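A.B. asks: Below is the file model25.txt, with compact mmCIF, C-alpha atoms.
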# COMPACT_ATOMS: atom_id res chain seq x y z
CA MET C 1416 -190.76 30.95 49.37
CA TYR C 1417 -194.24 29.40 49.05
CA ALA C 1418 -194.11 25.68 49.79
CA ILE C 1419 -196.70 22.91 49.73
CA VAL C 1420 -195.95 19.81 51.79
CA VAL C 1421 -198.10 16.76 51.00
CA GLY C 1422 -198.34 14.30 53.88
CA CYS C 1423 -198.09 15.20 57.55
CA GLY C 1424 -196.46 12.04 58.88
CA ARG C 1425 -193.18 12.26 60.78
CA ALA C 1426 -191.18 13.35 57.74
CA GLY C 1427 -193.81 15.70 56.31
CA ALA C 1428 -194.47 17.37 59.68
CA GLU C 1429 -190.73 17.84 60.26
CA ILE C 1430 -190.20 19.38 56.80
CA ALA C 1431 -193.21 21.69 57.20
CA ALA C 1432 -192.10 22.78 60.68
CA ARG C 1433 -188.57 23.54 59.54
CA LEU C 1434 -189.71 25.49 56.48
CA ALA C 1435 -192.18 27.54 58.54
CA ALA C 1436 -189.53 28.20 61.21
CA ALA C 1437 -187.23 29.48 58.47
CA GLY C 1438 -189.87 32.00 57.50
CA ASP C 1439 -191.34 30.30 54.42
CA SER C 1440 -195.07 30.24 53.70
CA VAL C 1441 -196.18 26.63 54.12
CA VAL C 1442 -199.37 24.72 53.41
CA VAL C 1443 -199.49 21.11 54.67
CA ILE C 1444 -201.97 18.65 53.14
CA ASP C 1445 -203.01 15.38 54.75
CA ARG C 1446 -206.09 13.23 54.29
CA ASP C 1447 -206.35 12.77 58.07
CA SER C 1448 -206.79 15.91 60.19
CA HIS C 1449 -205.32 14.09 63.23
CA ALA C 1450 -201.97 14.07 61.45
CA PHE C 1451 -201.65 17.83 61.99
CA GLN C 1452 -201.14 17.15 65.71
CA ARG C 1453 -197.56 16.31 64.75
CA LEU C 1454 -196.94 19.96 63.89
CA PRO C 1455 -195.41 22.16 66.59
CA ASP C 1456 -197.80 24.36 68.63
CA ASP C 1457 -196.29 27.50 67.16
CA PHE C 1458 -196.57 26.28 63.53
CA ALA C 1459 -197.13 29.40 61.43
CA GLY C 1460 -198.29 27.65 58.25
CA THR C 1461 -201.74 26.45 57.23
CA THR C 1462 -203.24 22.98 57.01
CA LEU C 1463 -205.62 21.44 54.52
CA VAL C 1464 -207.44 18.08 54.64
CA GLY C 1465 -207.43 16.15 51.36
CA THR C 1466 -205.32 14.15 48.93
CA ALA C 1467 -203.00 15.58 46.33
CA ILE C 1468 -204.34 13.58 43.38
CA ASP C 1469 -207.43 15.77 43.79
CA LEU C 1470 -206.88 18.89 41.69
CA ASP C 1471 -209.43 20.84 43.76
CA VAL C 1472 -207.32 20.25 46.86
CA LEU C 1473 -204.09 21.28 45.13
CA GLU C 1474 -205.76 24.43 43.86
CA ALA C 1475 -207.12 25.25 47.31
CA ALA C 1476 -203.54 24.92 48.53
CA GLY C 1477 -202.47 27.58 46.04
CA VAL C 1478 -200.45 25.26 43.82
CA ALA C 1479 -200.40 27.76 40.93
CA ARG C 1480 -198.18 30.13 42.92
CA ALA C 1481 -196.14 27.51 44.78
CA ASP C 1482 -192.35 27.62 44.40
CA VAL C 1483 -191.93 24.14 45.78
CA LEU C 1484 -194.03 21.02 46.33
CA VAL C 1485 -192.67 18.27 48.55
CA ALA C 1486 -194.58 14.98 48.60
CA ALA C 1487 -193.75 13.04 51.76
CA THR C 1488 -196.71 10.76 52.47
CA TYR C 1489 -196.13 7.12 53.42
CA GLY C 1490 -197.24 6.09 49.94
CA ASP C 1491 -194.66 6.17 47.15
CA ASN C 1492 -197.38 6.16 44.52
CA SER C 1493 -199.28 9.05 46.07
CA ASN C 1494 -196.04 11.03 46.21
CA LEU C 1495 -195.08 10.28 42.61
CA THR C 1496 -198.58 11.14 41.41
CA ALA C 1497 -198.64 14.43 43.36
CA VAL C 1498 -195.31 15.72 42.06
CA GLN C 1499 -196.12 14.79 38.46
CA VAL C 1500 -199.49 16.55 38.58
CA ALA C 1501 -197.89 19.60 40.24
CA ARG C 1502 -195.26 19.80 37.57
CA LEU C 1503 -197.27 18.89 34.46
CA LYS C 1504 -200.43 20.83 35.19
CA TYR C 1505 -199.27 23.69 37.39
CA ASP C 1506 -195.61 24.15 36.38
CA VAL C 1507 -194.44 24.16 39.98
CA PRO C 1508 -190.73 25.04 39.57
CA ARG C 1509 -189.38 22.51 42.05
CA VAL C 1510 -190.98 19.23 43.08
CA ILE C 1511 -189.48 16.55 45.30
CA ALA C 1512 -190.96 13.12 46.04
CA ARG C 1513 -190.06 10.89 48.94
CA VAL C 1514 -189.89 7.33 47.60
CA LYS C 1515 -189.10 4.25 49.67
CA ASP C 1516 -188.75 1.74 46.83
CA PRO C 1517 -185.26 2.12 45.27
CA VAL C 1518 -186.43 0.81 41.88
CA ARG C 1519 -189.29 3.28 41.70
CA ALA C 1520 -186.95 6.09 42.82
CA ARG C 1521 -184.50 5.27 40.04
CA VAL C 1522 -187.14 4.90 37.31
CA PHE C 1523 -188.75 8.24 38.11
CA ALA C 1524 -185.41 9.99 38.61
CA ASP C 1525 -184.58 8.86 35.06
CA ARG C 1526 -187.78 10.57 33.94
CA GLY C 1527 -186.60 13.83 35.46
CA ILE C 1528 -188.49 13.66 38.77
CA GLU C 1529 -186.44 14.65 41.80
CA THR C 1530 -186.73 11.74 44.23
CA ILE C 1531 -185.33 11.16 47.71
CA CYS C 1532 -185.04 7.46 48.46
CA SER C 1533 -185.18 6.98 52.22
CA THR C 1534 -184.18 3.31 51.88
CA ASP C 1535 -180.99 4.15 49.97
CA ILE C 1536 -180.15 6.99 52.34
CA VAL C 1537 -180.61 4.97 55.53
CA ALA C 1538 -178.80 1.91 54.14
CA GLY C 1539 -175.97 4.12 52.86
CA ALA C 1540 -175.62 5.94 56.19
CA ILE C 1541 -175.51 2.67 58.13
CA MET C 1542 -172.96 1.17 55.73
CA ASP C 1543 -170.82 4.31 56.12
CA ARG C 1544 -170.96 4.03 59.91
CA LEU C 1545 -170.02 0.36 59.75
CA ALA C 1546 -167.18 1.07 57.36
CA GLY C 1547 -166.01 3.90 59.66
CA SER C 1548 -166.06 1.70 62.78
CA SER C 1549 -164.25 -1.22 61.12
CA ALA C 1550 -161.56 1.16 59.84
CA ALA C 1551 -161.11 2.60 63.34
CA MET D 520 -199.69 -12.94 24.80
CA PHE D 521 -197.98 -12.46 28.16
CA ILE D 522 -200.23 -10.50 30.51
CA ILE D 523 -199.50 -9.20 34.00
CA ILE D 524 -202.50 -8.33 36.15
CA ALA D 525 -201.79 -6.05 39.10
CA GLY D 526 -204.37 -6.41 41.84
CA GLY D 527 -206.26 -9.59 42.73
CA GLY D 528 -209.51 -8.09 43.91
CA LYS D 529 -212.82 -8.86 42.23
CA VAL D 530 -211.82 -7.23 38.93
CA GLY D 531 -208.35 -8.77 38.75
CA ALA D 532 -209.63 -12.23 39.66
CA ALA D 533 -212.44 -12.01 37.11
CA LEU D 534 -209.99 -10.95 34.41
CA ALA D 535 -207.60 -13.78 35.18
CA HIS D 536 -210.53 -16.19 35.14
CA ASP D 537 -212.21 -14.93 31.99
CA LEU D 538 -209.33 -14.15 29.65
CA PRO D 539 -209.52 -16.65 26.82
CA PRO D 540 -207.09 -19.48 27.59
CA GLY D 541 -205.66 -19.74 24.07
CA GLY D 542 -201.99 -19.01 24.26
CA HIS D 543 -202.11 -16.43 27.06
CA GLU D 544 -199.64 -16.54 29.88
CA ILE D 545 -200.93 -14.72 32.93
CA VAL D 546 -199.14 -13.64 36.10
CA LEU D 547 -201.12 -11.97 38.84
CA LEU D 548 -199.71 -9.80 41.63
CA GLU D 549 -201.72 -9.44 44.85
CA LYS D 550 -200.11 -8.06 47.99
CA ASP D 551 -202.56 -9.63 50.43
CA ARG D 552 -201.02 -13.06 51.10
CA ARG D 553 -204.28 -14.82 51.91
CA LYS D 554 -206.04 -13.45 48.86
CA ALA D 555 -203.03 -14.41 46.75
CA GLN D 556 -203.13 -18.00 48.04
CA ASP D 557 -206.88 -18.27 47.40
CA LEU D 558 -206.39 -16.97 43.86
CA GLU D 559 -203.65 -19.46 43.17
CA ASP D 560 -205.85 -22.31 44.43
CA ASP D 561 -208.88 -21.13 42.45
CA LEU D 562 -207.27 -20.19 39.18
CA GLY D 563 -204.24 -22.39 39.02
CA ALA D 564 -202.61 -19.23 37.71
CA SER D 565 -199.24 -18.01 38.73
CA VAL D 566 -199.73 -15.55 41.59
CA ILE D 567 -197.00 -13.48 43.23
CA PRO D 568 -198.03 -12.42 46.75
CA GLN D 569 -196.44 -8.97 46.52
CA ASP D 570 -197.17 -5.31 45.80
CA ALA D 571 -197.13 -4.70 42.04
CA SER D 572 -196.02 -1.11 42.43
CA GLU D 573 -192.78 -2.25 43.99
CA GLY D 574 -190.32 -2.32 41.09
CA ARG D 575 -188.57 -5.55 42.02
CA TRP D 576 -191.79 -7.57 42.10
CA LEU D 577 -192.94 -6.21 38.78
CA SER D 578 -189.54 -7.30 37.45
CA THR D 579 -189.87 -10.72 39.10
CA ALA D 580 -193.24 -11.08 37.39
CA GLY D 581 -191.41 -10.64 34.07
CA VAL D 582 -192.46 -7.12 33.11
CA ALA D 583 -189.47 -6.83 30.76
CA ARG D 584 -191.13 -9.26 28.34
CA ALA D 585 -194.79 -8.44 29.09
CA ASP D 586 -197.14 -7.55 26.24
CA LEU D 587 -199.83 -6.11 28.47
CA VAL D 588 -200.01 -4.88 32.05
CA ILE D 589 -203.47 -4.34 33.53
CA ALA D 590 -203.54 -2.33 36.78
CA VAL D 591 -206.82 -2.95 38.57
CA THR D 592 -206.12 -2.34 42.25
CA GLY D 593 -208.63 -0.34 44.24
CA ASP D 594 -206.20 2.55 44.53
CA ASP D 595 -205.96 5.06 41.68
CA GLU D 596 -202.46 6.30 42.53
CA ASP D 597 -201.22 2.71 42.60
CA ASN D 598 -202.77 2.00 39.19
CA LEU D 599 -201.20 5.11 37.70
CA ILE D 600 -197.71 4.44 38.96
CA ILE D 601 -197.87 0.71 38.13
CA CYS D 602 -198.59 1.62 34.50
CA GLN D 603 -195.78 4.19 34.32
CA LEU D 604 -193.39 1.80 36.02
CA ALA D 605 -194.36 -1.04 33.68
CA ARG D 606 -193.73 1.13 30.61
CA ALA D 607 -190.31 2.13 31.94
CA LEU D 608 -189.22 -1.32 33.11
CA SER D 609 -190.25 -2.90 29.81
CA ASN D 610 -188.59 -0.14 27.77
CA GLY D 611 -191.96 0.79 26.34
CA ARG D 612 -192.76 -2.76 25.24
CA ALA D 613 -195.71 -3.41 27.54
CA ARG D 614 -199.05 -1.83 26.71
CA THR D 615 -200.86 -0.73 29.83
CA ILE D 616 -204.45 -0.43 30.97
CA ALA D 617 -205.38 1.34 34.21
CA ARG D 618 -208.60 1.09 36.15
CA LEU D 619 -209.95 4.41 37.33
CA ASN D 620 -211.89 4.01 40.58
CA ASN D 621 -212.76 7.60 41.37
CA PRO D 622 -213.98 9.68 38.40
CA LYS D 623 -212.56 12.76 40.15
CA ASN D 624 -209.09 11.44 39.40
CA GLN D 625 -209.60 11.30 35.64
CA ASP D 626 -207.66 14.55 35.09
CA ALA D 627 -204.62 13.16 36.85
CA PHE D 628 -204.76 10.00 34.70
CA ARG D 629 -204.84 12.12 31.55
CA LEU D 630 -202.00 14.34 32.72
CA LEU D 631 -199.82 11.36 33.42
CA ASP D 632 -200.50 10.12 29.92
CA ILE D 633 -201.94 6.73 30.76
CA GLU D 634 -202.83 5.17 27.38
CA ALA D 635 -205.92 3.24 28.20
CA ILE D 636 -208.19 4.06 31.11
CA VAL D 637 -211.12 1.91 32.14
CA ASN D 638 -213.57 4.00 34.07
CA ALA D 639 -215.95 1.66 35.83
CA THR D 640 -218.21 4.48 36.93
CA ASP D 641 -218.66 5.72 33.36
CA LEU D 642 -219.37 2.17 32.26
CA VAL D 643 -222.06 1.64 34.86
CA MET D 644 -223.54 5.07 34.18
CA SER D 645 -223.82 4.42 30.48
CA MET D 646 -225.42 1.04 31.10
CA ILE D 647 -227.97 2.68 33.36
CA GLU D 648 -228.57 5.39 30.77
CA ARG D 649 -229.05 2.71 28.14
CA ASP D 650 -231.53 0.80 30.25
CA LEU D 651 -233.41 4.00 30.87
CA GLY D 652 -233.48 4.60 27.15
CA ALA D 653 -231.67 7.90 27.51
CA ALA D 654 -228.66 6.84 25.49
CA SER D 655 -227.57 4.01 23.28
CA VAL D 656 -223.85 4.15 23.80
CA VAL D 657 -221.69 2.15 26.19
CA HIS D 658 -218.07 3.22 26.57
CA LEU D 659 -215.90 0.13 26.37
CA MET D 660 -212.45 1.64 26.49
CA ARG D 661 -210.78 4.96 26.01
CA LEU D 662 -207.62 5.04 23.86
CA ARG D 663 -206.51 8.38 25.19
CA SER D 664 -203.29 8.95 23.31
CA ALA D 665 -205.04 8.78 19.95
CA GLY D 666 -208.17 10.65 21.09
CA LEU D 667 -210.26 7.58 20.31
CA GLU D 668 -212.63 5.38 22.20
CA LEU D 669 -214.21 2.03 21.65
CA VAL D 670 -217.98 2.16 22.07
CA GLU D 671 -220.95 -0.14 21.85
CA LEU D 672 -223.95 1.48 20.16
CA THR D 673 -227.41 0.01 20.23
CA VAL D 674 -229.70 0.78 17.32
CA ALA D 675 -232.92 2.32 18.62
CA SER D 676 -236.16 2.06 16.67
CA GLU D 677 -237.05 5.44 15.17
CA SER D 678 -233.32 6.19 14.80
CA ALA D 679 -231.41 7.16 11.67
CA ALA D 680 -229.54 3.85 11.84
CA ALA D 681 -232.63 1.61 11.91
CA GLY D 682 -233.34 0.55 8.36
CA ALA D 683 -230.10 2.00 7.03
CA SER D 684 -226.97 0.14 6.01
CA VAL D 685 -223.64 0.78 7.71
CA THR D 686 -222.43 2.35 4.46
CA ASP D 687 -225.47 4.70 4.38
CA LEU D 688 -224.56 6.09 7.79
CA ARG D 689 -221.26 7.46 6.43
CA LEU D 690 -219.69 7.18 9.88
CA GLU D 691 -216.19 7.54 8.44
CA GLN D 692 -217.05 11.19 7.78
CA LEU D 693 -217.47 11.56 11.54
CA GLY D 694 -214.17 9.87 12.28
CA ALA D 695 -215.73 6.56 13.26
CA ARG D 696 -215.25 3.02 12.02
CA VAL D 697 -217.46 0.03 12.70
CA ALA D 698 -215.61 -3.07 13.86
CA VAL D 699 -218.44 -5.56 14.15
CA VAL D 700 -222.22 -5.73 14.19
CA LEU D 701 -223.84 -7.95 16.80
CA ARG D 702 -227.30 -9.31 16.02
CA GLY D 703 -228.55 -11.45 18.89
CA ASP D 704 -225.74 -13.88 19.60
CA VAL D 705 -224.25 -13.60 16.12
CA ALA D 706 -221.23 -11.44 15.33
CA LEU D 707 -221.33 -10.15 11.76
CA PHE D 708 -217.95 -9.09 10.44
CA THR D 709 -219.17 -8.51 6.90
CA PHE D 710 -221.70 -5.75 7.19
CA THR D 711 -221.14 -3.33 4.34
CA ASP D 712 -224.63 -3.75 2.89
CA LEU D 713 -226.29 -5.16 5.98
CA VAL D 714 -229.47 -3.27 6.86
CA LEU D 715 -229.40 -2.42 10.56
CA ARG D 716 -232.40 -3.26 12.70
CA SER D 717 -233.61 -1.92 15.98
CA GLY D 718 -231.81 -3.86 18.74
CA ASP D 719 -228.64 -4.52 16.72
CA THR D 720 -225.45 -3.60 18.52
CA VAL D 721 -222.60 -1.92 16.70
CA VAL D 722 -219.08 -1.89 18.14
CA ALA D 723 -217.13 1.04 16.73
CA VAL D 724 -213.94 3.03 17.18
CA VAL D 725 -214.94 6.68 17.50
CA GLU D 726 -213.08 9.97 17.80
CA ILE D 727 -213.95 11.21 21.27
CA ALA D 728 -214.78 14.67 19.96
CA ASN D 729 -217.41 13.26 17.59
CA GLU D 730 -219.04 10.78 19.91
CA SER D 731 -222.26 12.69 20.35
CA ALA D 732 -222.66 13.14 16.59
CA VAL D 733 -222.20 9.39 16.07
CA ARG D 734 -224.50 8.62 18.96
CA SER D 735 -227.28 10.77 17.47
CA ARG D 736 -227.51 8.41 14.49
CA PHE D 737 -228.32 5.53 16.82
CA ASP D 738 -230.63 7.23 19.27
CA ALA D 739 -234.33 7.51 18.70
CA ALA D 740 -235.26 10.91 17.33
CA TYR D 741 -237.53 11.75 20.25
CA PHE D 742 -237.00 15.44 20.23
Write out the structure in this file as structure tokens.
C.D. replies:
Amino acid sequence: MYAIVVGCGRAGAEIAARLAAAGDSVVVIDRDSHAFQRLPDDFAGTTLVGTAIDLDVLEAAGVARADVLVAATYGDNSNLTAVQVARLKYDVPRVIARVKDPVRARVFADRGIETICSTDIVAGAIMDRLAGSSAA
Amino acid sequence: MFIIIAGGGKVGAALAHDLPPGGHEIVLLEKDRRKAQDLEDDLGASVIPQDASEGRWLSTAGVARADLVIAVTGDDEDNLIICQLARALSNGRARTIARLNNPKNQDAFRLLDIEAIVNATDLVMSMIERDLGAASVVHLMRLRSAGLELVELTVASESAAAGASVTDLRLEQLGARVAVVLRGDVALFTFTDLVLRSGDTVVAVVEIANESAVRSRFDAAYF
């Protein structure tokens, strides 16, 4: 699988590292080259400095042949822009955006964009734990 | 009209200040608390000190009943998503205008089908070109979905337009329609037989594809 990961923060670096460890071809994009220090020393993928709204950067990352694009920067709007451009212009078969704002996640999910809402997931997990401990 | 302005920087503040007061209701969203407070004090407008791209604050601002949402933050991705979010949260009711800061991002704006894009760089460039005499057209606004743009054309001496009437120019054959002719400080809405003079300004809706053909009627025939 050829995967592009946009954003090399904690989440992006973790996703890129796991994909590369599983044998996938990975390109990680971040606007700050220091962010790549979060990748493991034995990271087998490649890195690219830039932002994903920039079509030149996406093309340098090989977006036309990507199977997957995951947008996991700290900015919801950057992520939603990146996945829409990847899908609309380059027909990337699978795109996933990390979105912190639950409203934005729902609105764009309704438009057919696959979103992962970290706020919903964390709140849900904590509520489950609390429900589990009160039941025990 | 009920207008939401997203972003209280120089552009957002100027818009809130300059929009004609008659009957408009304006809500401004600015995430920097200090800036938001200053704006409220200066404008007496209703200012919400929050991030406009966060769905709940756009809803708090009343996006469901908004007629127009203008996204003028300094961040292009924010402006794009604010416009898409506003369309969705108003069930398509709100018209949207996005400011494009970096001309490199224009392709992304088009892909994401933003209806009206205001490209400040283009605007400044065309003003410079006009002052240098290289061109007589200023792009006012692009109405992307219809392939149209609103332009301001200045009649150059030695041009086809100087000495001709608006009817003579047959602009409709080029997919263009004149909205108003400005002569000095006077706006002339009845201009069918008006003879254009050098220095007159014509505001017209033009098909983007035909802009250069329209422009050639207004430019001096130097070459």
A.B. asks: Would you list which chain D residues are within 8 Å of chain C using only C-alpha atoms, as a ChimeraX atom specification?
C.D. replies: /D:572-575,596-597,599-600,604,607-608,623-624,626-627,630-631
A.B. asks: Using all atoms of range 1428-1436 of chain C that appear in the file, construct an axis-aligned enclosing box with 5 Å of padding on every side and provide its centre coordinates and edge lengths in Å, rounded to one decimal, as JSON.
C.D. replies:
{"center_x": -191.5, "center_y": 22.8, "center_z": 58.8, "size_x": 15.9, "size_y": 20.8, "size_z": 14.7}
A.B. asks: Could you give me, as a list in words, the residues that have an atom at most 9 Å away from the point (-195.5, 25.1, 59.8) in the coordinates of the file, using only C-alpha atoms?
C.D. replies: Ala1428, Glu1429, Ile1430, Ala1431, Ala1432, Arg1433, Leu1434, Ala1435, Ala1436, Asp1439, Ser1440, Val1441, Val1442, Val1443, Leu1454, Pro1455, Asp1457, Phe1458, Ala1459, Gly1460, Thr1461 and Thr1462 of chain C
A.B. asks: Excluding Phe628 in chain D and its own-chain neighbours fewer than 6 positions away, which residues fall within 9 Å of it when counting all atoms listed in the file? Please give them as a short mmCIF file (atom, residue, chain, number, x, y, z; two decimals) with C-alpha atoms, in the frame of the given file.
C.D. replies:
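Output (part_35.cif):
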data_model
loop_
_atom_site.label_atom_id
_atom_site.label_comp_id
_atom_site.auth_asym_id
_atom_site.auth_seq_id
_atom_site.Cartn_x
_atom_site.Cartn_y
_atom_site.Cartn_z
CA ASP D 595 -205.96 5.06 41.68
CA GLU D 596 -202.46 6.30 42.53
CA LEU D 599 -201.20 5.11 37.70
CA ALA D 617 -205.38 1.34 34.21
CA LEU D 619 -209.95 4.41 37.33
CA GLU D 634 -202.83 5.17 27.38
CA ILE D 636 -208.19 4.06 31.11
#
A.B. asks: Just give me the gap between CA of Val705 in chain D and CA of Asp719 in chain D in Å, one decimal is fine.
C.D. replies: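 Computing it gives 10.1 Å between the two atoms.
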A.B. asks: When you draw a straight line from CA of Ala605 in chain D to CA of Met520 in chain D, how long is it in Å?
C.D. replies: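 Distance reported for this atom pair: 15.8 Å.
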A.B. asks: If you count only C-alpha atoms, which residues fall within 10 Å of Ala728 in chain D, apart from same-chain ones fewer than 2 positions away, as a PyMOL selection string?
C.D. replies: chain D and resi 666-668+693-694+725-726+730-733
A.B. asks: Restricting the calculation to all atoms listed in the file, which member of D:Thr673, D:Ser735, D:Asn621, D:Thr711 is positioned closest to Asp594 in chain D?
C.D. replies: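 With all atoms listed in the file as the atom set, the closest residue is D:Asn621.
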A.B. asks: With a distance cut-off of 7 Å and all atoms listed in the file, select the neighbouring residues of Thr615 in chain D, excluding the residue or stretch itself and same-chain residues fewer than 3 positions from it, and output the selection as an mmCIF file with C-alpha atoms, in the coordinates of the input.
C.D. replies:
data_model
loop_
_atom_site.group_PDB
_atom_site.id
_atom_site.type_symbol
_atom_site.label_atom_id
_atom_site.label_comp_id
_atom_site.auth_asym_id
_atom_site.auth_seq_id
_atom_site.Cartn_x
_atom_site.Cartn_y
_atom_site.Cartn_z
ATOM 1 C CA LEU D 587 -199.830 -6.110 28.470
ATOM 2 C CA VAL D 588 -200.010 -4.880 32.050
ATOM 3 C CA ILE D 589 -203.470 -4.340 33.530
ATOM 4 C CA CYS D 602 -198.590 1.620 34.500
ATOM 5 C CA GLU D 634 -202.830 5.170 27.380
ATOM 6 C CA ALA D 635 -205.920 3.240 28.200
#
A.B. asks: Which polymer residues have any atom within 8 Å of an atom of range 549-563 of chain D, counting all atoms listed in the file, with same-chain residues fewer than 5 positions away left out, as a ChimeraX atom specification?
C.D. replies: /D:525-528,532,535-536,568-571
A.B. asks: Output C-alpha atoms of each residue in that selection to a file, as a compact mmCIF listing (two decimals), keeping the file's coordinate frame.
C.D. replies:
# COMPACT_ATOMS: atom_id res chain seq x y z
CA ALA D 525 -201.79 -6.05 39.10
CA GLY D 526 -204.37 -6.41 41.84
CA GLY D 527 -206.26 -9.59 42.73
CA GLY D 528 -209.51 -8.09 43.91
CA ALA D 532 -209.63 -12.23 39.66
CA ALA D 535 -207.60 -13.78 35.18
CA HIS D 536 -210.53 -16.19 35.14
CA PRO D 568 -198.03 -12.42 46.75
CA GLN D 569 -196.44 -8.97 46.52
CA ASP D 570 -197.17 -5.31 45.80
CA ALA D 571 -197.13 -4.70 42.04
A.B. asks: Please reconstruct the missing atoms of range 1444-1450 of chain C (target: all heavy atoms) and return them as a PDB file, keeping the file's coordinate frame.
C.D. replies:
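Written output follows (selection-v9.pdb):
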ATOM      1  N   ILE C1444    -200.753  19.399  53.512  1.00  0.00           N
ATOM      2  CA  ILE C1444    -201.970  18.650  53.140  1.00  0.00           C
ATOM      3  C   ILE C1444    -201.872  17.240  53.718  1.00  0.00           C
ATOM      4  O   ILE C1444    -200.832  16.590  53.596  1.00  0.00           O
ATOM      5  CB  ILE C1444    -202.077  18.545  51.595  1.00  0.00           C
ATOM      6  CG1 ILE C1444    -202.100  19.932  50.954  1.00  0.00           C
ATOM      7  CG2 ILE C1444    -203.308  17.751  51.193  1.00  0.00           C
ATOM      8  CD1 ILE C1444    -202.031  19.899  49.425  1.00  0.00           C
ATOM      9  N   ASP C1445    -202.944  16.780  54.345  1.00  0.00           N
ATOM     10  CA  ASP C1445    -203.010  15.380  54.750  1.00  0.00           C
ATOM     11  C   ASP C1445    -204.462  14.941  54.694  1.00  0.00           C
ATOM     12  O   ASP C1445    -205.363  15.755  54.907  1.00  0.00           O
ATOM     13  CB  ASP C1445    -202.443  15.161  56.154  1.00  0.00           C
ATOM     14  CG  ASP C1445    -202.070  13.700  56.397  1.00  0.00           C
ATOM     15  OD1 ASP C1445    -202.986  12.846  56.514  1.00  0.00           O
ATOM     16  OD2 ASP C1445    -200.863  13.401  56.440  1.00  0.00           O
ATOM     17  N   ARG C1446    -204.693  13.662  54.400  1.00  0.00           N
ATOM     18  CA  ARG C1446    -206.090  13.230  54.290  1.00  0.00           C
ATOM     19  C   ARG C1446    -206.721  13.039  55.668  1.00  0.00           C
ATOM     20  O   ARG C1446    -207.929  12.921  55.789  1.00  0.00           O
ATOM     21  CB  ARG C1446    -206.197  11.958  53.450  1.00  0.00           C
ATOM     22  CG  ARG C1446    -205.476  10.787  54.029  1.00  0.00           C
ATOM     23  CD  ARG C1446    -205.592   9.584  53.113  1.00  0.00           C
ATOM     24  NE  ARG C1446    -204.716   8.522  53.605  1.00  0.00           N
ATOM     25  CZ  ARG C1446    -204.354   7.482  52.906  1.00  0.00           C
ATOM     26  NH1 ARG C1446    -204.779   7.356  51.669  1.00  0.00           N
ATOM     27  NH2 ARG C1446    -203.579   6.564  53.413  1.00  0.00           N
ATOM     28  N   ASP C1447    -205.864  12.993  56.699  1.00  0.00           N
ATOM     29  CA  ASP C1447    -206.350  12.770  58.070  1.00  0.00           C
ATOM     30  C   ASP C1447    -206.012  13.990  58.919  1.00  0.00           C
ATOM     31  O   ASP C1447    -204.840  14.297  59.127  1.00  0.00           O
ATOM     32  CB  ASP C1447    -205.683  11.506  58.615  1.00  0.00           C
ATOM     33  CG  ASP C1447    -206.083  11.232  60.051  1.00  0.00           C
ATOM     34  OD1 ASP C1447    -206.973  11.936  60.565  1.00  0.00           O
ATOM     35  OD2 ASP C1447    -205.498  10.319  60.653  1.00  0.00           O
ATOM     36  N   SER C1448    -207.037  14.670  59.436  1.00  0.00           N
ATOM     37  CA  SER C1448    -206.790  15.910  60.190  1.00  0.00           C
ATOM     38  C   SER C1448    -206.001  15.650  61.474  1.00  0.00           C
ATOM     39  O   SER C1448    -205.303  16.523  61.967  1.00  0.00           O
ATOM     40  CB  SER C1448    -208.109  16.614  60.496  1.00  0.00           C
ATOM     41  OG  SER C1448    -208.908  15.782  61.312  1.00  0.00           O
ATOM     42  N   HIS C1449    -206.092  14.414  62.023  1.00  0.00           N
ATOM     43  CA  HIS C1449    -205.320  14.090  63.230  1.00  0.00           C
ATOM     44  C   HIS C1449    -203.820  14.220  63.007  1.00  0.00           C
ATOM     45  O   HIS C1449    -203.056  14.472  63.936  1.00  0.00           O
ATOM     46  CB  HIS C1449    -205.604  12.657  63.699  1.00  0.00           C
ATOM     47  CG  HIS C1449    -206.972  12.483  64.271  1.00  0.00           C
ATOM     48  ND1 HIS C1449    -207.740  13.544  64.684  1.00  0.00           N
ATOM     49  CD2 HIS C1449    -207.718  11.377  64.502  1.00  0.00           C
ATOM     50  CE1 HIS C1449    -208.892  13.095  65.141  1.00  0.00           C
ATOM     51  NE2 HIS C1449    -208.911  11.786  65.028  1.00  0.00           N
ATOM     52  N   ALA C1450    -203.399  14.036  61.755  1.00  0.00           N
ATOM     53  CA  ALA C1450    -201.970  14.070  61.450  1.00  0.00           C
ATOM     54  C   ALA C1450    -201.354  15.430  61.787  1.00  0.00           C
ATOM     55  O   ALA C1450    -200.175  15.514  62.116  1.00  0.00           O
ATOM     56  CB  ALA C1450    -201.731  13.746  59.974  1.00  0.00           C
TER      57      ALA C1450
END
